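Down below is the structure, laid out as structure tokens.
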Amino acid sequence: MKGNEAIAEAAIQAGCRHYFGYPITPQTEVAAYMAKRMPKIGGCFLQAESEIAAINMVYGVASAGKRVMTSSSSPGISLKGEGISYMAGANLPALVVNVQRGGPGLGGIQPSQSDYNQATRGGAHGDFHLLVLAPASVQEMADLTMLGFDLADKYRMTAMILADGTMGQMMEPVEIHPREIPECDKSWALTGTKMQRERNIINSLSMDPYDLERMNLERYERYAAVERDEVRYESYRMDDAEICVVAFGIAARVAKNAINEARKQGVKVGLIRPITLWPFPKAPLKAAAETCKSFITVELNMGQMVDDVRLATECKRPIITCNRTGGVIPSAAEVYNAIMNAQKGGQAE
Amino acid sequence: MSVVFQKPHALTDAVLHYCPGCTHGIVHRLVAEAIDELGIEGKTIGVAPVGCAVFAYDYFNCDVAEAAHGRAPAVATGLKRAEPSNIVFTYQGDGDLASIGTAETVHAAARNENITVIFINNAIYGMTGGQMAPTSLPGQVTQTSPYGRDVNHCGYPVRICEMLATLDGPEYLERVAVNNVKNVRAAKKAIKKAFQNQIDGKGFSLVEVLSSCPTNWGMTPVKALEWIDEKMIPYYPLGVYKDRSAGKGEAK
């Protein structure tokens with residue numbers, strides 16, 4: 001199954017019956033899959049007139065208290081930014097998928113991770129975060145999609161799958177099992193008062209600065225719980241590691257190959273792979289800074305996650321960056337060379 | 001003693017924030033009366049716009065979502081698709097519906113989305129203090145057309161009902177005004193029909209309401225109502241532009 005199709009099927013198994021999207025490479029298979037499946041299971045697939053309309057349709061379904069999803073690729077995610085901010089302000093749960101391609105602007109259609117900063121900083125105006133999940137296999141495309149819906153509901157926030165063109169297009173075996181959807185109080189939803197309750201209002205507007213501040217503080221209390229309870233990462237061959245590679249998504253897979261090669265040469269190198277990009281796995285990186293002599297970051301961008309690694313490690317150790325941008329994927333040989341450079345005590349570029 | 005006139009149940013007790021002489025209050029009332037008379041308050045969900053009616057969620061006694069500027073028809077699409085048995089309406093001004101949200105308006109109409117759209121056309125941006133609207137008349141003086149709207153520089157007004165009537169999609173398009181008793185009664189009839197159409201599953205129904213903005217037009221309330229007759233109605237003729245069920249405006 002293709003990664004994009006795995007996301008679509010996993011969403012359906014997670015109880016999502018509404019999908020709105022607009023065609024853009026390299027995520028269009030998500031929409032195509034939904035267009036086929038949704039009508040057969042009583043769901044709704046609708047091709048919107050724009051990314052802006054699609055995210056606002058998501059806003060509508062989320063307001064009604066139902067699970068809903070949209071997907072796009074980098075330029076389309078920028079267009080969705082407005083709606084994503086409004087959903088944050090209105091505390092609406094939903095899942096947004098970004099199968100990234102190279103940018104900025106129209107960029108290209110090859111794989112990229114250059115929307116890292118956009119995703120982990122919310123990506124639009126105002127004080128808010130998205131819960132950002134970074135899959136590194138087709139199986140994780142499915143698993144994290146299901147998890148994303150659950151966490152979005154639990155914390156009343158929008159979750160994002162930050163994948164890349166490789167993850168979307170690659171085919172791997174995948175198991176997707178129907179699962180129980182956790183109980184979740186949605187008494188805030190717009191279902192009609194049925195003349196039996198006070199009316200509900202979904203809104204991000206407040207003209208009173210103290211009231212708006214209170215709303216933001218309340219939201220950040222939930223974010224604090226997310227940072228405390230929902231950090232996810234993979235630690236690979238880190239037990240005796242003196243060099244710590246940090247990479248997510250496709251970059252982490254490339255890095256693993258390079259690490260295994262370097263290990264054969266006796267180099268003590270391991271990998272920390274953030275699975276949640278927000279919340280970022282600060283604690284394991286801080287701990288690694290106590291035991292490792294240097295770090296290497298591998299990214300499909302000019303170096304964005306590296307700033308979070310610097311913060312997490314409090315700049316205690318040198319960091320070598322190994323980046324390719326514009327849709328180019330770093331090779332295992334390039335990462336291997338960076339590891340050997342670090343082994344020789346090479347400094348950051 | 002029997003009560004012969006009272007506030008509709010579908011309006012809350014909140015004091016309207018609108019300026020003296022503004023006709024938003026009249027249209028709010030007409031919408032609420034329609035909701036009351038059709039007995040749909042418990043399953044009605046409103047979508048409020050950005051503009052003077054941004055606080056509409058304080059006034060309608062039903063569930064309400066506040067949409068981003070211009071996006072109300074897309075939000076309404078989501079709400080309606082999530083629960084088709086609910087009655088979903090948007091309440092939007094001219095900047096919201098005919099400028100920044102034109103795409104959402106056109107495509108909701110093209111899909112014949114089964115929603116009700118109340119479109120307030122007062123030929124100006126009220127909330128931000130009187131700037132030129134997509135519906136400002138040629139020569140109209142506003143804050144951002146201080147020498148009068150120059151059509152050679154910034155183009156012509158958009159006639160929404162006429163434009164949407166070219167589409168096969170929409171069920172019902174009518175333009176009304178609320179500047180005198182006769183017109184208010186006709187407006188009420190149109191608004192109620194736009195809700196009834198949704199109940200009957202007929203599809204996209206839009207009522208454009210020519211409204212006054214004495215504050216930003218720089219007129220007394222009475223003069224503003226006269227200006228609708230003298231200037232607006234000649235440019236925006238009243239009437240039914242499409243009524244598919246009645247065969248009017250149906251594609252040949």
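Following the order of the structure tokens, chains are lettered A, B, ..., residues in each are numbered from 1, and ligands are numbered from 1.
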
* Got a sec: who's within 7 Å of A:Pro26, counting only C-alpha atoms, leaving out chain neighbours fewer than 2 positions off, as an MDAnalysis selection string? -> chainID A and resid 24 28 73 99 109 165 168

Could you take the residues named above and write them with N, CA and C atoms, as a compact mmCIF listing (two decimals), in the first residue's frame?
# COMPACT_ATOMS: atom_id res chain seq x y z
N ILE A 24 -3.25 18.35 -5.13
CA ILE A 24 -1.88 18.87 -5.18
C ILE A 24 -0.92 17.69 -5.01
N THR A 28 -2.05 13.58 -3.68
CA THR A 28 -3.36 13.45 -4.30
C THR A 28 -3.98 12.06 -4.11
N SER A 73 -0.24 19.43 0.33
CA SER A 73 1.21 19.50 0.31
C SER A 73 1.59 20.97 0.45
N VAL A 99 1.92 16.33 3.18
CA VAL A 99 2.93 15.50 2.51
C VAL A 99 3.86 16.49 1.80
N ILE A 109 8.21 19.26 -6.70
CA ILE A 109 7.28 18.22 -6.24
C ILE A 109 8.04 17.06 -5.62
N GLY A 165 7.14 13.66 0.59
CA GLY A 165 6.77 13.00 -0.66
C GLY A 165 7.18 11.53 -0.72
N GLY A 168 4.75 9.51 1.31
CA GLY A 168 3.46 9.46 0.63
C GLY A 168 3.45 8.48 -0.52

* Asked: Which neighbours of A:Ala11 fall inside 12 Å, counting only C-alpha atoms, when residues of the same chain fewer than 4 positions from it are skipped, and could you give them as a count of residues only?
  -> 41

* To do: Return the neighbours of chain A among the residues of chain B, cut-off 7 Å, counting only C-alpha atoms, as a list in words.
  => Gly42, Lys43, Thr44, Ile45, Tyr57, Asn61, Cys62, Asp63, Val64, Ala65, Glu66, Arg71, Ala74, Val75, Ala76, Thr77, Gly78, Leu79, Ala82, Glu104 and His107 of chain B

* From the DSSP assignment of the backbone, select every residue of stretch 3-171 of chain A that is strand (DSSP E), and format the answer as a ChimeraX atom specification. => /A:18-21,44-47,68-72,94-100,131-133,158-164

* **Spatial neighbours of stretch 9-20 of chain B, 12 Å, only C-alpha atoms, chain gap at least 6 places, as a ChimeraX atom specification** => /A:193,195,198-199 /B:26-46,51-63,126-127,129,212-216,219-222,224

* 6 Å contact set for A:Val245, only C-alpha atoms, chain neighbours under 4 positions out, as a ChimeraX atom specification -> /A:271,295-297

* Kindly indicate which residue among A:Pro182, A:Gly123, A:Gly266, A:Gly108 lies nearest to A:Thr325, using only C-alpha atoms for the distances. =>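 Of A:Pro182, A:Gly123, A:Gly266, A:Gly108, the one nearest A:Thr325 is A:Gly108, counting only C-alpha atoms.
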
* Would you mind telling me which residue in B:His69, B:Glu230, B:Gln140, B:Val88 lies nearest to B:Tyr156 when using only C-alpha atoms? =>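 Between B:His69, B:Glu230, B:Gln140, B:Val88, the residue approaching B:Tyr156 most closely is B:Gln140.
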
* Asked: Between A:Lys282, A:Lys256, A:Arg214, A:Arg273, which is the closest to A:Ser235 once you count only C-alpha atoms?
  ->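 Looking only at the distances to A:Ser235, the closest residue turns out to be A:Arg273.
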
* Could you please determine the separation between atom CA of A:Asn341 and atom CA of A:Tyr116 in Å, to one decimal place? =>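 Between atom CA of A:Asn341 and atom CA of A:Tyr116 the gap is 25.9 Å.
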